[in-house]
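Dropping run.csv in here (CSV, C-alpha atoms):
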chain,number,residue,atom,x,y,z
A,1,MET,CA,6.3,4.5,24.9
A,2,ALA,CA,8.0,4.3,28.3
A,3,GLY,CA,5.0,2.7,29.9
A,4,HIS,CA,4.2,0.0,27.3
A,5,ALA,CA,5.0,-3.3,29.0
A,6,THR,CA,4.7,-6.9,27.6
A,7,ASP,CA,3.6,-10.0,29.5
A,8,GLU,CA,7.1,-11.6,29.1
A,9,HIS,CA,9.0,-8.4,29.7
A,10,PRO,CA,7.1,-6.2,32.1
A,11,HIS,CA,9.0,-2.9,31.5
A,12,GLY,CA,9.2,0.0,29.2
A,13,ALA,CA,12.0,1.7,27.2
A,14,ASP,CA,13.0,3.7,30.3
A,15,ARG,CA,14.1,0.5,32.1
A,16,LEU,CA,15.2,-2.2,29.7
A,17,CYS,CA,15.8,-5.7,30.9
A,18,ASP,CA,19.4,-6.9,30.9
A,19,ALA,CA,18.8,-9.0,27.7
A,20,GLY,CA,17.1,-6.1,25.9
A,21,ASP,CA,19.9,-3.7,27.0
A,22,ARG,CA,22.5,-6.0,25.4
A,23,VAL,CA,20.7,-6.6,22.1
A,24,TYR,CA,19.8,-2.9,21.7
A,25,SER,CA,23.3,-1.7,22.5
A,26,ARG,CA,24.8,-4.2,20.1
A,27,ALA,CA,22.3,-3.0,17.4
A,28,VAL,CA,23.3,0.6,17.9
A,29,ARG,CA,27.0,-0.1,17.8
A,30,ARG,CA,26.8,-2.3,14.6
A,31,GLY,CA,23.9,-0.6,12.9
A,32,ARG,CA,21.7,-3.7,12.8
A,33,VAL,CA,21.3,-7.2,14.2
A,34,PRO,CA,19.9,-10.5,12.9
A,35,ARG,CA,16.2,-11.0,13.6
A,36,THR,CA,17.1,-14.2,15.5
A,37,ASP,CA,19.0,-12.2,18.1
A,38,ALA,CA,15.9,-10.4,19.1
A,39,GLU,CA,13.7,-13.5,19.5
A,40,PRO,CA,14.5,-13.8,23.2
A,41,VAL,CA,13.6,-10.1,23.8
A,42,PRO,CA,10.3,-9.4,21.9
A,43,CYS,CA,10.1,-6.2,24.1
A,44,LEU,CA,12.5,-4.4,21.7
A,45,LEU,CA,10.1,-4.9,18.7
A,46,GLU,CA,7.0,-4.1,20.8
A,47,LEU,CA,8.6,-1.0,22.1
A,48,ALA,CA,9.7,0.0,18.6
A,49,LEU,CA,13.4,0.1,19.7
A,50,LEU,CA,14.1,-2.3,16.8
A,51,HIS,CA,12.3,-2.6,13.5
A,52,PRO,CA,12.8,-4.5,10.2
A,53,ASP,CA,15.5,-3.4,7.8
A,54,PRO,CA,13.8,-2.3,4.6
A,55,ASP,CA,16.7,-3.8,2.5
A,56,ASP,CA,16.6,-7.2,4.3
A,57,MET,CA,13.7,-8.3,6.4
A,58,ASP,CA,15.9,-10.9,8.2
A,59,TRP,CA,17.7,-8.1,9.9
A,60,LEU,CA,16.6,-5.5,12.5
A,61,VAL,CA,17.8,-1.9,12.7
A,62,PRO,CA,17.6,0.2,15.9
A,63,THR,CA,15.6,3.3,16.4
A,64,ALA,CA,18.1,6.1,17.0
A,65,PRO,CA,18.8,6.8,20.7
A,66,GLN,CA,18.0,10.5,20.0
A,67,GLU,CA,14.5,9.5,18.9
A,68,VAL,CA,14.1,7.3,21.9
A,69,MET,CA,15.0,10.1,24.2
A,70,THR,CA,12.5,12.4,22.6
A,71,ARG,CA,9.7,9.9,22.8
A,72,LEU,CA,10.5,9.2,26.4
A,73,LEU,CA,10.4,12.9,27.4
A,74,ARG,CA,7.2,13.4,25.4
A,75,GLY,CA,5.5,10.6,27.3
A,76,VAL,CA,6.8,11.9,30.6
A,77,TYR,CA,5.4,15.3,30.0
A,78,ASP,CA,2.0,13.8,29.3
A,79,GLU,CA,2.0,11.7,32.5
A,80,VAL,CA,3.8,14.1,34.9
A,81,SER,CA,0.5,15.0,36.7
A,82,GLU,CA,-0.1,11.3,37.4
A,83,SER,CA,3.2,10.1,38.7
A,84,HIS,CA,6.4,12.0,39.8
A,85,ARG,CA,8.2,8.8,40.1
A,86,ARG,CA,8.0,8.1,36.4
A,87,VAL,CA,9.6,11.5,35.8
A,88,GLY,CA,12.8,10.5,37.7
A,89,SER,CA,12.8,7.1,35.9
A,90,ALA,CA,12.6,8.7,32.5
A,91,VAL,CA,15.3,11.3,33.2
A,92,ALA,CA,17.7,8.5,34.2
A,93,ALA,CA,16.8,6.7,31.0
A,94,PHE,CA,17.4,9.9,29.1
A,95,GLU,CA,20.9,10.1,30.5
A,96,TRP,CA,21.6,6.5,29.6
A,97,TYR,CA,20.5,7.0,26.0
A,98,ALA,CA,22.4,10.2,25.7
A,99,GLY,CA,25.6,8.5,26.8
A,100,LEU,CA,25.0,5.7,24.3
A,101,GLY,CA,24.3,8.2,21.5
A,102,ARG,CA,27.6,10.1,22.0
A,103,ARG,CA,29.5,6.9,21.2
A,104,ILE,CA,28.2,6.7,17.6
A,105,GLN,CA,28.6,9.0,14.7
A,106,ALA,CA,25.7,11.0,13.4
A,107,SER,CA,24.1,9.0,10.6
A,108,ALA,CA,21.0,9.1,8.4
A,109,MET,CA,19.3,7.0,11.0
A,110,ALA,CA,19.9,9.7,13.7
A,111,SER,CA,19.2,12.6,11.4
A,112,ALA,CA,15.7,11.5,10.5
A,113,SER,CA,13.2,14.3,11.4
A,114,LEU,CA,11.4,13.6,14.7
A,115,GLU,CA,8.4,15.5,13.5
A,116,GLY,CA,8.0,13.7,10.2
A,117,GLY,CA,9.6,10.4,11.1
A,118,ALA,CA,12.1,8.3,9.2
A,119,ALA,CA,12.2,8.5,5.4
A,120,ILE,CA,11.4,4.8,5.3
A,121,ARG,CA,9.8,2.8,8.1
A,122,VAL,CA,8.8,-0.8,8.1
A,123,LEU,CA,5.5,-1.5,9.8
A,124,ASP,CA,5.4,-5.1,10.9
A,125,GLY,CA,1.9,-6.4,11.8
A,126,LEU,CA,-1.7,-5.2,11.1
A,127,SER,CA,-2.0,-3.4,14.4
A,128,ARG,CA,1.1,-1.3,13.7
A,129,ILE,CA,-0.1,-0.5,10.2
A,130,GLN,CA,-3.5,0.6,11.4
A,131,ALA,CA,-1.9,2.8,14.1
A,132,ALA,CA,0.3,4.5,11.6
A,133,MET,CA,-2.6,5.0,9.2
A,134,ASP,CA,-4.7,6.5,12.0
A,135,ASP,CA,-1.8,8.9,12.9
A,136,ALA,CA,-1.5,10.0,9.2
A,137,THR,CA,-5.3,10.5,9.1
A,138,GLU,CA,-5.2,12.7,12.2
A,139,ALA,CA,-2.5,14.9,10.7
A,140,CYS,CA,-4.0,15.1,7.2
A,141,THR,CA,-5.7,18.4,6.3
A,142,ARG,CA,-6.0,18.6,2.5
A,143,GLU,CA,-6.0,15.5,0.3
A,144,VAL,CA,-5.8,11.7,0.3
A,145,LEU,CA,-5.0,9.8,-2.9
A,146,THR,CA,-5.6,6.0,-3.0
A,147,VAL,CA,-5.0,3.1,-5.4
A,148,GLN,CA,-7.1,0.0,-4.7
A,149,PRO,CA,-6.2,-3.0,-6.9
A,150,GLY,CA,-8.2,-6.2,-7.1
A,151,GLY,CA,-11.8,-6.7,-8.1
A,152,ILE,CA,-15.1,-6.1,-6.3
A,153,ARG,CA,-14.5,-4.5,-3.0
A,154,ARG,CA,-15.9,-6.6,-0.1
A,155,GLU,CA,-17.8,-5.0,2.7
A,156,PRO,CA,-15.1,-5.7,5.3
A,157,GLU,CA,-12.5,-4.1,3.1
A,158,LEU,CA,-14.6,-1.0,2.7
A,159,THR,CA,-15.6,-0.7,6.3
A,160,GLU,CA,-12.0,-1.3,7.5
A,161,GLY,CA,-11.1,2.3,6.8
A,162,LEU,CA,-14.5,3.9,6.9
A,163,HIS,CA,-13.9,5.6,10.2
A,164,ARG,CA,-10.8,7.3,8.7
A,165,ALA,CA,-12.7,8.4,5.6
A,166,LEU,CA,-15.5,9.9,7.7
A,167,THR,CA,-13.0,11.7,9.9
A,168,LEU,CA,-11.3,13.1,6.8
A,169,ARG,CA,-14.7,14.2,5.3
A,170,SER,CA,-15.6,16.0,8.5
A,171,ARG,CA,-12.5,18.2,8.1
A,172,GLY,CA,-13.1,19.0,4.5
A,173,VAL,CA,-10.3,16.7,3.2
A,174,ARG,CA,-10.7,15.8,-0.5
A,175,MET,CA,-10.2,12.1,-1.5
A,176,ARG,CA,-9.5,10.6,-4.9
A,177,ASP,CA,-9.7,6.8,-5.3
A,178,LEU,CA,-8.6,4.6,-8.2
A,179,TYR,CA,-10.1,1.2,-8.7
A,180,THR,CA,-10.2,-1.5,-11.5
A,181,HIS,CA,-13.2,-1.5,-13.8
A,182,VAL,CA,-14.3,-4.7,-12.1
A,183,ALA,CA,-14.9,-2.8,-8.8
A,184,ARG,CA,-17.9,-1.1,-10.5
A,185,HIS,CA,-19.9,-4.2,-10.2
A,186,GLY,CA,-19.8,-4.2,-6.4
A,187,GLN,CA,-22.7,-2.7,-4.5
A,188,GLY,CA,-20.5,-2.0,-1.5
A,189,LEU,CA,-18.4,0.5,-3.4
A,190,LEU,CA,-21.5,2.3,-4.8
A,191,ASN,CA,-22.9,2.5,-1.2
A,192,TYR,CA,-19.6,3.9,0.1
A,193,LEU,CA,-19.4,6.6,-2.6
A,194,GLU,CA,-23.0,7.5,-1.9
A,195,LEU,CA,-22.3,7.8,1.8
A,196,MET,CA,-19.2,10.0,1.2
A,197,GLY,CA,-20.8,12.3,-1.3
A,198,ASP,CA,-18.7,14.9,-3.1
A,199,ALA,CA,-15.8,14.3,-0.6
A,200,VAL,CA,-14.7,11.3,-2.7
A,201,GLU,CA,-14.1,11.2,-6.4
A,202,ALA,CA,-13.6,7.7,-7.8
A,203,ARG,CA,-12.4,6.5,-11.2
A,204,THR,CA,-11.5,3.1,-12.7
A,205,LEU,CA,-9.0,1.5,-15.1
A,206,ASP,CA,-8.6,-1.9,-16.6
A,207,GLU,CA,-5.7,-2.4,-14.2
A,208,VAL,CA,-3.9,-0.3,-11.6
A,209,VAL,CA,-0.7,-0.5,-9.6
A,210,ASP,CA,-0.5,-2.2,-6.2
A,211,ARG,CA,-2.2,-0.6,-3.2
A,212,LEU,CA,-1.0,3.0,-2.5
A,213,ILE,CA,-2.3,5.5,0.0
A,214,LEU,CA,-1.0,9.1,0.0
A,215,PHE,CA,-1.8,11.7,2.7
A,216,ASP,CA,-1.3,15.4,1.9
A,217,ARG,CA,1.5,14.4,-0.5
A,218,THR,CA,3.9,14.0,2.5
A,219,VAL,CA,3.5,10.4,3.6
A,220,ALA,CA,2.7,7.2,1.6
A,221,PHE,CA,1.9,3.7,2.5
A,222,ILE,CA,2.5,0.7,0.3
A,223,PRO,CA,2.5,-3.1,0.9
A,224,ALA,CA,5.9,-4.7,1.9
A,225,ASN,CA,4.8,-8.4,1.4
A,226,ALA,CA,2.4,-10.4,-0.6
A,227,ASP,CA,-0.2,-11.0,2.2
A,228,HIS,CA,-0.2,-7.3,3.2
A,229,THR,CA,0.8,-8.0,6.8
A,230,MET,CA,3.7,-5.7,6.5
A,231,ALA,CA,3.8,-2.2,5.0
A,232,LEU,CA,6.3,0.6,4.2
A,233,GLU,CA,5.7,4.1,5.5
A,234,LEU,CA,7.5,6.5,3.2
A,235,ARG,CA,8.3,10.1,3.8
A,236,HIS,CA,11.2,10.7,1.4
A,237,PRO,CA,10.3,13.7,-0.8
A,238,ALA,CA,11.6,12.1,-4.0
A,239,LEU,CA,9.6,8.9,-3.4
A,240,ILE,CA,6.5,10.9,-2.6
A,241,GLU,CA,6.8,13.0,-5.8
A,242,TYR,CA,7.2,9.8,-7.8
A,243,PHE,CA,4.1,8.3,-6.4
A,244,VAL,CA,2.1,11.5,-6.9
A,245,THR,CA,3.3,11.6,-10.6
A,246,VAL,CA,2.2,7.9,-11.1
A,247,PHE,CA,-1.1,8.6,-9.5
A,248,ASP,CA,-1.9,11.7,-11.6
A,249,ARG,CA,-1.0,9.9,-14.8
A,250,LEU,CA,-3.2,7.0,-14.0
A,251,TRP,CA,-6.0,9.4,-12.9
A,252,ARG,CA,-6.0,11.2,-16.3
A,253,LEU,CA,-6.4,7.8,-18.1
A,254,ALA,CA,-9.1,6.6,-15.7
A,255,ILE,CA,-12.9,6.8,-16.3
A,256,PRO,CA,-15.2,8.3,-13.6
A,257,VAL,CA,-17.3,5.7,-11.9
A,258,ALA,CA,-20.4,7.8,-12.7
A,259,ALA,CA,-19.6,7.5,-16.5
A,260,ALA,CA,-20.2,4.4,-18.6
A,261,LEU,CA,-17.3,2.5,-20.0
A,262,PRO,CA,-16.7,3.2,-23.6
A,263,ASP,CA,-17.6,0.7,-26.3
A,264,THR,CA,-14.7,-1.3,-27.7
A,265,GLY,CA,-15.8,-0.5,-31.3
A,266,ILE,CA,-15.6,-4.2,-32.2
A,267,GLU,CA,-18.7,-6.2,-32.4
A,268,GLY,CA,-19.0,-9.0,-29.9
A,269,ILE,CA,-16.0,-7.9,-27.8
A,270,SER,CA,-16.6,-6.5,-24.4
A,271,HIS,CA,-14.4,-3.9,-22.7
A,272,ARG,CA,-13.0,-6.6,-20.3
A,273,GLU,CA,-12.3,-9.0,-23.2
A,274,GLN,CA,-10.4,-6.1,-24.9
A,275,SER,CA,-8.2,-5.8,-21.8
A,276,ILE,CA,-7.6,-9.6,-21.7
A,277,ALA,CA,-6.7,-9.6,-25.4
A,278,ALA,CA,-4.1,-7.0,-24.9
A,279,LEU,CA,-2.5,-8.9,-21.9
A,280,LEU,CA,-2.6,-12.1,-23.9
A,281,ALA,CA,-0.8,-10.4,-26.7
A,282,ASP,CA,1.9,-9.4,-24.2
A,283,GLY,CA,2.4,-13.1,-23.3
A,284,HIS,CA,0.9,-13.1,-19.8
A,285,GLN,CA,-0.5,-16.4,-18.4
A,286,ASP,CA,-4.2,-16.7,-17.2
A,287,ALA,CA,-3.4,-16.3,-13.5
A,288,VAL,CA,-1.4,-13.1,-14.1
A,289,ILE,CA,-4.1,-11.6,-16.2
A,290,ALA,CA,-6.8,-12.5,-13.6
A,291,GLU,CA,-4.7,-10.9,-10.8
A,292,ARG,CA,-4.0,-7.7,-12.8
A,293,LEU,CA,-7.7,-7.3,-13.8
A,294,GLY,CA,-9.1,-8.2,-10.4
A,295,ILE,CA,-11.1,-11.3,-11.5
A,296,SER,CA,-10.9,-15.0,-10.8
A,297,VAL,CA,-8.9,-17.3,-13.0
A,298,ARG,CA,-12.1,-19.2,-13.9
A,299,THR,CA,-13.7,-16.0,-15.1
A,300,CYS,CA,-10.6,-15.0,-17.0
A,301,ARG,CA,-10.6,-18.3,-18.8
A,302,ALA,CA,-14.3,-18.0,-19.6
A,303,HIS,CA,-13.6,-14.6,-21.3
A,304,ILE,CA,-10.7,-16.1,-23.2
A,305,ALA,CA,-12.9,-18.9,-24.5
A,306,ARG,CA,-15.5,-16.3,-25.6
A,307,LEU,CA,-12.7,-14.3,-27.3
A,308,SER,CA,-11.6,-17.5,-29.2
A,309,GLU,CA,-15.2,-18.2,-30.3
A,310,THR,CA,-15.8,-14.6,-31.4
A,311,LEU,CA,-12.6,-14.3,-33.3
A,312,GLY,CA,-12.8,-17.8,-34.8
A,313,ALA,CA,-9.6,-19.1,-33.2
A,314,ALA,CA,-9.2,-22.8,-32.5
A,315,SER,CA,-6.0,-22.5,-30.5
A,316,ARG,CA,-4.0,-20.0,-28.4
A,317,THR,CA,-1.6,-19.4,-31.3
A,318,GLN,CA,-4.5,-18.7,-33.6
A,319,LEU,CA,-6.1,-16.5,-31.0
A,320,GLY,CA,-2.9,-14.4,-30.8
A,321,VAL,CA,-2.9,-13.9,-34.6
A,322,ARG,CA,-6.5,-12.9,-34.7
A,323,ILE,CA,-6.0,-10.5,-31.8
A,324,ALA,CA,-3.3,-8.8,-33.8
A,325,GLN,CA,-5.4,-8.7,-37.0
A,326,VAL,CA,-8.3,-6.8,-35.4
A,327,GLY,CA,-6.0,-4.4,-33.5
A,328,LEU,CA,-6.7,-5.8,-29.9
A,329,ASP,CA,-3.0,-6.4,-29.2
A,330,GLY,CA,-2.3,-2.7,-28.3
A,331,ALA,CA,-5.5,-2.1,-26.3
A,332,SER,CA,-7.2,1.3,-26.7
A,333,SER,CA,-4.1,3.1,-28.0
A,334,ARG,CA,-4.1,1.1,-31.2
A,335,LEU,CA,-7.8,0.4,-31.8
A,336,PRO,CA,-9.0,1.4,-35.2
A,337,ASP,CA,-10.8,4.8,-35.5
A,338,VAL,CA,-13.7,3.1,-37.3
A,339,PRO,CA,-15.6,0.4,-35.4
A,340,VAL,CA,-14.6,-3.0,-36.7
A,341,GLN,CA,-17.3,-5.7,-37.3
A,342,LEU,CA,-16.3,-9.3,-37.7
A,343,THR,CA,-18.1,-10.9,-40.6
A,344,PRO,CA,-18.8,-14.6,-41.0
A,345,ALA,CA,-16.1,-14.6,-43.7
A,346,ASP,CA,-13.6,-13.3,-41.2
A,347,ARG,CA,-14.4,-16.0,-38.7
A,348,GLU,CA,-14.0,-18.6,-41.3
A,349,SER,CA,-10.8,-17.3,-42.8
A,350,PRO,CA,-7.9,-19.7,-43.3
A,351,THR,CA,-5.9,-18.0,-40.6
A,352,ALA,CA,-8.6,-18.7,-38.0
A,353,ARG,CA,-8.9,-22.4,-38.8

Spit out the file's structure as C-alpha cells when you get a sec.
Amino acid sequence: MAGHATDEHPHGADRLCDAGDRVYSRAVRRGRVPRTDAEPVPCLLELALLHPDPDDMDWLVPTAPQEVMTRLLRGVYDEVSESHRRVGSAVAAFEWYAGLGRRIQASAMASASLEGGAAIRVLDGLSRIQAAMDDATEACTREVLTVQPGGIRREPELTEGLHRALTLRSRGVRMRDLYTHVARHGQGLLNYLELMGDAVEARTLDEVVDRLILFDRTVAFIPANADHTMALELRHPALIEYFVTVFDRLWRLAIPVAAALPDTGIEGISHREQSIAALLADGHQDAVIAERLGISVRTCRAHIARLSETLGAASRTQLGVRIAQVGLDGASSRLPDVPVQLTPADRESPTAR
C-alpha cells in the first residue's frame, strides 16, 4: 500500500501530499466527507484511505488509522530486503497515524478485524472488485456458493472467473451454482460444467435473486449498483448466515442441470410459459417478467401471445381470468394434481371471448 503511487500524486500512504493530509484528517475527525472533497486528491481513493459510504454513495468514509498502520508495516516487512530507506519512512508514517488515532474514540470502524476486514466494504470499480474476489479465492478452502441471474451465460461471462474456478478445483473446493432455467440453453454453460467435472454442481430455477457469491460462508459479494461496477464485500456473520439460508432454500427448490424440467401438466403450456403466467397473475409488466426470467422482452411477449392463443384469451384481462381458471396463477405450488387438458370447448367458453 505504501508504494502505490498515482500519476497525479506520486506518493504512497506513508507520505501523503498536503492536500491528501488535510482531506484524510478531516474525514477521520468527522467520520466522513463529501465525495466532492476528495476529487482534487484521487490518491486517497486509490490508496484505499477513503472509500464509499455504504449508506450514502455521495459520501466517503476513512479507513481507520489503525488499519492503515498495520498495512504500512506489513508492506515494509515484505520490502525490507530491498530498501532500508523505506523502513524509516514507514516508521515515521506509523507514528503520524498513531498520533492521529489517539485523538478519536474507538468506533466500529476502528474495531473491524484486520484479519477478516470490515463487516461491510464498498468496492468501487471493476479492478477493485476483481482484486477482492481473487483474495477471497486464495483464502477459500472448502466451499463456494453462487447465484447467477440472467439468461444464457455468454462466453466472456463464463471465462471471466474461470481462473478462480480452476484454482478452487485444484484445492478440492466444492462449488454449487444456481442459474435460471434459460441458462440451460447456452452451450457455454454446458462446456464449463463439463470442464469442471464433479467440482461443480449446478441447478436451475424459473428465477433467482440477484448475483451472490459466498466463499467458505465467511465473506459474500453482491452488486451495489445496477451496472455492477460497484459491489459490497460483506463479512458480518448475521448477513452471511442470512445469505446462506436464502441460498439453501433456493437450492432445495432448484432442479439439477443434468435432469429434465418437469412437465407443466397442462397441454400446450411450456414450463417457461407457466412461469410467465404466474408473474402476469402477480401484476408484473413485460419488462419486469423478462428481466426476472432472463429472457428478452421480445421473447417474453411472444410467449404471452402464445399463452393467449392457447388459453383462448382475446385481451390481457381475459388472459388473467383464464390463467386463474386453469391454476397457473400460483405456479407449481397450486397446479392441479391431475394433468389439465384444454378442450376446444374451453377455448371457446364465454369467459374467453

Counting only C-alpha atoms, which residue out of A:Val321, A:Ala281, A:Ala254, A:Ile129 sits closest to Asp177 (chain A)? A:Ala254

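If you count only C-alpha atoms and ignore residues fewer than 4 places along the chain from Arg176 (chain A), what sits within 6 Å of it is Leu145, Val200, Glu201 and Ala202 of chain A.
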
Neighbouring residues of Leu279 (chain A) were defined as those with any atom within 8 Å, considering all atoms listed in the file; residues of the same chain fewer than 4 positions away were excluded. Please report them as a PyMOL selection string. chain A and resi 275+283-284+289+329

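Among the candidates A:Glu46, A:Glu241, A:Asp56, A:Asp206, the one nearest to Gly150 (chain A) when counting all atoms listed in the file is A:Asp206.
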
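Straight-line separation from CA of Arg249 (chain A) to CA of Phe221 (chain A): 18.6 Å.
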
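Protein, DNA and RNA residues at most 12 Å from (8.0, -7.3, 18.5), with all atoms listed in the file, are these: Ala5, Thr6, Glu8, His9, Gly20, Arg35, Thr36, Ala38, Glu39, Pro40, Val41, Pro42, Cys43, Leu44, Leu45, Glu46, Leu47, Ala48, Leu49, Leu50, His51, Pro52, Leu60, Leu123, Asp124, Gly125, Ser127 and Arg128 of chain A.
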
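Nearest-residue note for Pro149 (chain A): choosing from A:Val23, A:Ala259, A:Ile295, A:Val326, the minimum distance belongs to A:Ile295, counting only C-alpha atoms.
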
Please measure the separation of CA of Thr245 (chain A) and CA of Ala131 (chain A), giving the value in Å to one decimal. 26.7 Å

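Atom pair CA of Glu309 (chain A) / CA of Val208 (chain A): separated by 28.2 Å.
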
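Close to (-11.5, -13.7, -11.6), meaning no more than 12 Å away when counting all atoms listed in the file, sit the residues Gly150, Gly151, Ile152, Val182, Ala183, Arg272, Ile276, Asp286, Ala287, Val288, Ile289, Ala290, Glu291, Arg292, Leu293, Gly294, Ile295, Ser296, Val297, Arg298, Thr299, Cys300, Arg301, Ala302, His303 and Ile304 of chain A.
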
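Considering the residues A:Ala139, A:Tyr192, A:Val257, A:Leu280 and counting all atoms listed in the file, Arg217 (chain A) has its shortest atom-to-atom contact with A:Ala139.
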
Which residues are close to Ala136 (chain A), i.e. within 12 Å by all atoms listed in the file, leaving aside same-chain residues fewer than 6 positions away? Reply as a VMD selection string. chain A and resid 116 to 117 129 to 130 142 to 144 164 to 165 167 to 168 213 to 221 233 to 235

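Among the candidates A:Thr180, A:Gln66, A:Ser170, A:Gln325, the residue lying nearest to Leu205 (chain A) is A:Thr180 (atoms considered: all atoms listed in the file).
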
Would you mind completing region 41-57 of chain A so that it carries N, CA and C atoms, and writing it out as a PDB file, in the frame of the given file?
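Contents of the output file out.pdb:
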ATOM      1  N   VAL A  41      14.013 -11.412  23.176  1.00  0.00           N
ATOM      2  CA  VAL A  41      13.600 -10.100  23.800  1.00  0.00           C
ATOM      3  C   VAL A  41      12.576  -9.432  22.863  1.00  0.00           C
ATOM      4  N   PRO A  42      11.359  -9.977  22.795  1.00  0.00           N
ATOM      5  CA  PRO A  42      10.300  -9.400  21.900  1.00  0.00           C
ATOM      6  C   PRO A  42       9.973  -7.950  22.370  1.00  0.00           C
ATOM      7  N   CYS A  43      10.391  -7.586  23.579  1.00  0.00           N
ATOM      8  CA  CYS A  43      10.100  -6.200  24.100  1.00  0.00           C
ATOM      9  C   CYS A  43      10.691  -5.173  23.156  1.00  0.00           C
ATOM     10  N   LEU A  44      11.844  -5.450  22.531  1.00  0.00           N
ATOM     11  CA  LEU A  44      12.500  -4.400  21.700  1.00  0.00           C
ATOM     12  C   LEU A  44      11.683  -4.108  20.457  1.00  0.00           C
ATOM     13  N   LEU A  45      11.027  -5.112  19.897  1.00  0.00           N
ATOM     14  CA  LEU A  45      10.100  -4.900  18.700  1.00  0.00           C
ATOM     15  C   LEU A  45       8.856  -4.193  19.194  1.00  0.00           C
ATOM     16  N   GLU A  46       8.299  -4.667  20.305  1.00  0.00           N
ATOM     17  CA  GLU A  46       7.000  -4.100  20.800  1.00  0.00           C
ATOM     18  C   GLU A  46       7.165  -2.681  21.239  1.00  0.00           C
ATOM     19  N   LEU A  47       8.340  -2.329  21.712  1.00  0.00           N
ATOM     20  CA  LEU A  47       8.600  -1.000  22.100  1.00  0.00           C
ATOM     21  C   LEU A  47       9.147  -0.105  20.999  1.00  0.00           C
ATOM     22  N   ALA A  48       9.255  -0.695  19.796  1.00  0.00           N
ATOM     23  CA  ALA A  48       9.700   0.000  18.600  1.00  0.00           C
ATOM     24  C   ALA A  48      11.179   0.466  18.760  1.00  0.00           C
ATOM     25  N   LEU A  49      11.971  -0.235  19.585  1.00  0.00           N
ATOM     26  CA  LEU A  49      13.400   0.100  19.700  1.00  0.00           C
ATOM     27  C   LEU A  49      14.155  -0.618  18.526  1.00  0.00           C
ATOM     28  N   LEU A  50      13.595  -1.694  18.000  1.00  0.00           N
ATOM     29  CA  LEU A  50      14.100  -2.300  16.800  1.00  0.00           C
ATOM     30  C   LEU A  50      12.978  -2.474  15.798  1.00  0.00           C
ATOM     31  N   HIS A  51      13.322  -2.399  14.528  1.00  0.00           N
ATOM     32  CA  HIS A  51      12.300  -2.600  13.500  1.00  0.00           C
ATOM     33  C   HIS A  51      12.970  -3.187  12.255  1.00  0.00           C
ATOM     34  N   PRO A  52      12.216  -3.852  11.377  1.00  0.00           N
ATOM     35  CA  PRO A  52      12.800  -4.500  10.200  1.00  0.00           C
ATOM     36  C   PRO A  52      13.574  -3.611   9.303  1.00  0.00           C
ATOM     37  N   ASP A  53      14.688  -4.140   8.793  1.00  0.00           N
ATOM     38  CA  ASP A  53      15.500  -3.400   7.800  1.00  0.00           C
ATOM     39  C   ASP A  53      14.778  -3.437   6.462  1.00  0.00           C
ATOM     40  N   PRO A  54      14.468  -2.287   5.847  1.00  0.00           N
ATOM     41  CA  PRO A  54      13.800  -2.300   4.600  1.00  0.00           C
ATOM     42  C   PRO A  54      14.506  -3.046   3.466  1.00  0.00           C
ATOM     43  N   ASP A  55      15.862  -3.132   3.581  1.00  0.00           N
ATOM     44  CA  ASP A  55      16.700  -3.800   2.500  1.00  0.00           C
ATOM     45  C   ASP A  55      16.770  -5.301   2.759  1.00  0.00           C
ATOM     46  N   ASP A  56      16.525  -5.779   3.995  1.00  0.00           N
ATOM     47  CA  ASP A  56      16.600  -7.200   4.300  1.00  0.00           C
ATOM     48  C   ASP A  56      15.804  -7.504   5.520  1.00  0.00           C
ATOM     49  N   MET A  57      14.641  -8.117   5.320  1.00  0.00           N
ATOM     50  CA  MET A  57      13.700  -8.300   6.400  1.00  0.00           C
ATOM     51  C   MET A  57      14.216  -9.335   7.454  1.00  0.00           C
TER      52      MET A  57
END
